[in-house]
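**Q** Have a look at this one.
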Amino acid sequence: MKKILLMVAAAMMAVVNVNAQDETVQVYFELDQLPKLIDIMPEPPAFDSPEFANDVVRYGWGKQQRQDADRVALAVADAEWDDHTKLYAQWKDAFGLEITETGTPEIWKLMETSLATTDPMRKETKAYYHRQRPFERFDDPMPSHEEDDLRGEGSYPSGHSLRGWGISLLLAQIAPERAAKIFSRGWDYCNSRVIVGAHWQSDVDASRTAASIGFCALQGSDAFIAQMKKAQAEYAEKTGQTVKVSAVNAPQQSARIYRIDGTPATSDTHDVLIQDGQKRVYNP
């Protein structure tokens with residue numbers, strides 16, 4: 001039976017072009033090379049289960065949050081999907097840097113390619129379970145005006161939450177010293193999906209796990225690792241800050257200052273360097 005339902009889900013994915021990715025992006029992995037969420041994640045809570053009772057309670061919490069004009073405005077802004085400049089702007093304060101295609105091209109490339117790789121992971125599971133969304137079940141208007149796009153599309157897992165937590169994971173790897181602020185913003189971003197009535201809490205919770213699975217898979221790509229190093233170097237240069245970084249496969253030599261690629265620096269090097277385990281912009 002599950003095999004038949006999976007075939008139906010695959011057919012639905014082929015004809016539905018909701019939240020499609022830019023096909024011109026050269027992804028780090030094709031979808032069939034990534035872990036299959038349908039084989040990993042549990043099914044969503046049944047409507048007569050204690051877990052769903054918690055979903056209903058959290059839906060009530062979300063409606064209460066709409067009474068706060070600032071919070072509901074943030075939730076509506078968090079619903080942006082297509083304009084990635086606006087999307088990344090939601091992390092500007094937490095990340096400490098505005099991400100734009102022209103202003104931060106290396107970070108932009110990392111983010112765009114990573115999202116194009118991991119965003120589609122949700123589609124098979126969404127189509128298979130085809131879970132009814134909160135605003136549909138309660139016939140309750142959404143403040144974010146997404147109803148026409150989302151109605152009948154399935155809510156488990158949450159695509160926005162998978163993306164938002166994925167963005168947080170990526171930005172925290174670029175700037176680990178700002179991880180607390182970045183993840184706090186990401187947490188609120190995911191909760192915005194509950195506030196606008198687009199998703200149940202269990203949809204959001206599952207998506208944080210799904211994003212972590214995708215993020216771990218990215219670490220196995222040499223192209224991703226190379227682009228991450230470029231993004232880290234660009235962040236250090238743009239912010240003028242010293243950023244703690246992990247080892248960069250530097251050779252075991254007596255020199256304590258290295259280029260970003262792990263090779264020893266010389267006295268005339270003009271570059272972002274690793275000195276005593278820290279990244280520095282150095283211009284002798």
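By convention in this document, the chains of the structure tokens carry letters A, B, ... by their order, each chain's residues are numbered from 1, and ligands are numbered from 1 in the order they are shown.
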Report the residues of segment 37-277 of chain A whose backbone DSSP state falls under strand (DSSP E), written as a short mmCIF file (atom, residue, chain, number, x, y, z; two decimals) with N, CA and C atoms, in the first residue's frame.

**A**
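Wrote out-v9.cif, looks like this:
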```cif
data_model
loop_
_atom_site.label_atom_id
_atom_site.label_comp_id
_atom_site.auth_asym_id
_atom_site.auth_seq_id
_atom_site.Cartn_x
_atom_site.Cartn_y
_atom_site.Cartn_z
N VAL A 243 37.11 35.72 13.62
CA VAL A 243 36.07 34.70 13.72
C VAL A 243 36.70 33.37 14.07
N LYS A 244 36.21 32.72 15.11
CA LYS A 244 36.68 31.39 15.46
C LYS A 244 36.27 30.41 14.36
N ILE A 257 50.95 30.62 11.23
CA ILE A 257 50.05 31.45 10.43
C ILE A 257 49.88 30.79 9.07
N TYR A 258 48.61 30.60 8.66
CA TYR A 258 48.30 29.91 7.43
C TYR A 258 47.32 30.71 6.59
N ARG A 259 47.35 30.45 5.28
CA ARG A 259 46.30 30.97 4.41
C ARG A 259 45.02 30.20 4.69
N ASP A 271 45.97 38.56 2.65
CA ASP A 271 44.91 37.56 2.56
C ASP A 271 44.17 37.48 3.90
N VAL A 272 43.11 36.65 3.90
CA VAL A 272 42.51 36.22 5.15
C VAL A 272 43.32 35.04 5.65
N LEU A 273 43.86 35.13 6.86
CA LEU A 273 44.78 34.12 7.38
C LEU A 273 44.22 33.44 8.61
N ILE A 274 44.77 32.25 8.91
CA ILE A 274 44.47 31.55 10.14
C ILE A 274 45.68 31.69 11.05
N GLN A 275 45.49 32.32 12.21
CA GLN A 275 46.58 32.51 13.16
C GLN A 275 46.12 32.00 14.51
#
```

**Q** Using only C-alpha atoms, can you tell me which of A:Ile167, A:Ile213, A:Ile107, A:Ile174 comes closest to Gln90 of chain A?

**A**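 Going through A:Ile167, A:Ile213, A:Ile107, A:Ile174 one by one, the smallest distance to Gln90 of chain A is for A:Ile167.
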
**Q** From the set A:Phe95, A:Phe29, A:Trp200, A:Trp187, which residue has the shortest atom-to-atom contact distance to Leu115 of chain A, counting only C-alpha atoms?

**A**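 Between A:Phe95, A:Phe29, A:Trp200, A:Trp187, the residue approaching Leu115 of chain A most closely is A:Phe29.
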
**Q** How many Å lie between atom CA of Gly214 of chain A and atom CA of Ile182 of chain A, rounded to one decimal?

**A** 18.0 Å

**Q** For Val57 of chain A, please output as number ranges by chain all residues within 12 Å (counting only C-alpha atoms; exclusion window: fewer than 3 positions along the same chain).

**A** A: 50-54, 60-64, 134, 194-195, 200-202

**Q** Can you work out the spacing between atom CA of Trp91 of chain A and atom CA of Leu74 of chain A in Å, to one decimal?

**A**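 So the two atoms, atom CA of Trp91 of chain A and atom CA of Leu74 of chain A, lie 11.9 Å apart.
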
**Q** How close does segment 17-107 of chain A get to segment 221-237 of chain A? List, as a Markdown table, each residue of segment 17-107 of chain A within 9 Å, its nearest atom pair and the distance in Å to one decimal, counting only C-alpha atoms.

**A**
```
| residue | atom | partner | partner_atom | distance |
| --- | --- | --- | --- | --- |
| A:Tyr28 | CA | A:Ser221 | CA | 6.4 |
| A:Phe29 | CA | A:Ser221 | CA | 7.7 |
| A:Leu97 | CA | A:Tyr235 | CA | 7.9 |
| A:Thr104 | CA | A:Glu234 | CA | 7.2 |
| A:Pro105 | CA | A:Ala231 | CA | 8.4 |
| A:Glu106 | CA | A:Ala231 | CA | 5.0 |
| A:Ile107 | CA | A:Ala231 | CA | 4.6 |
```
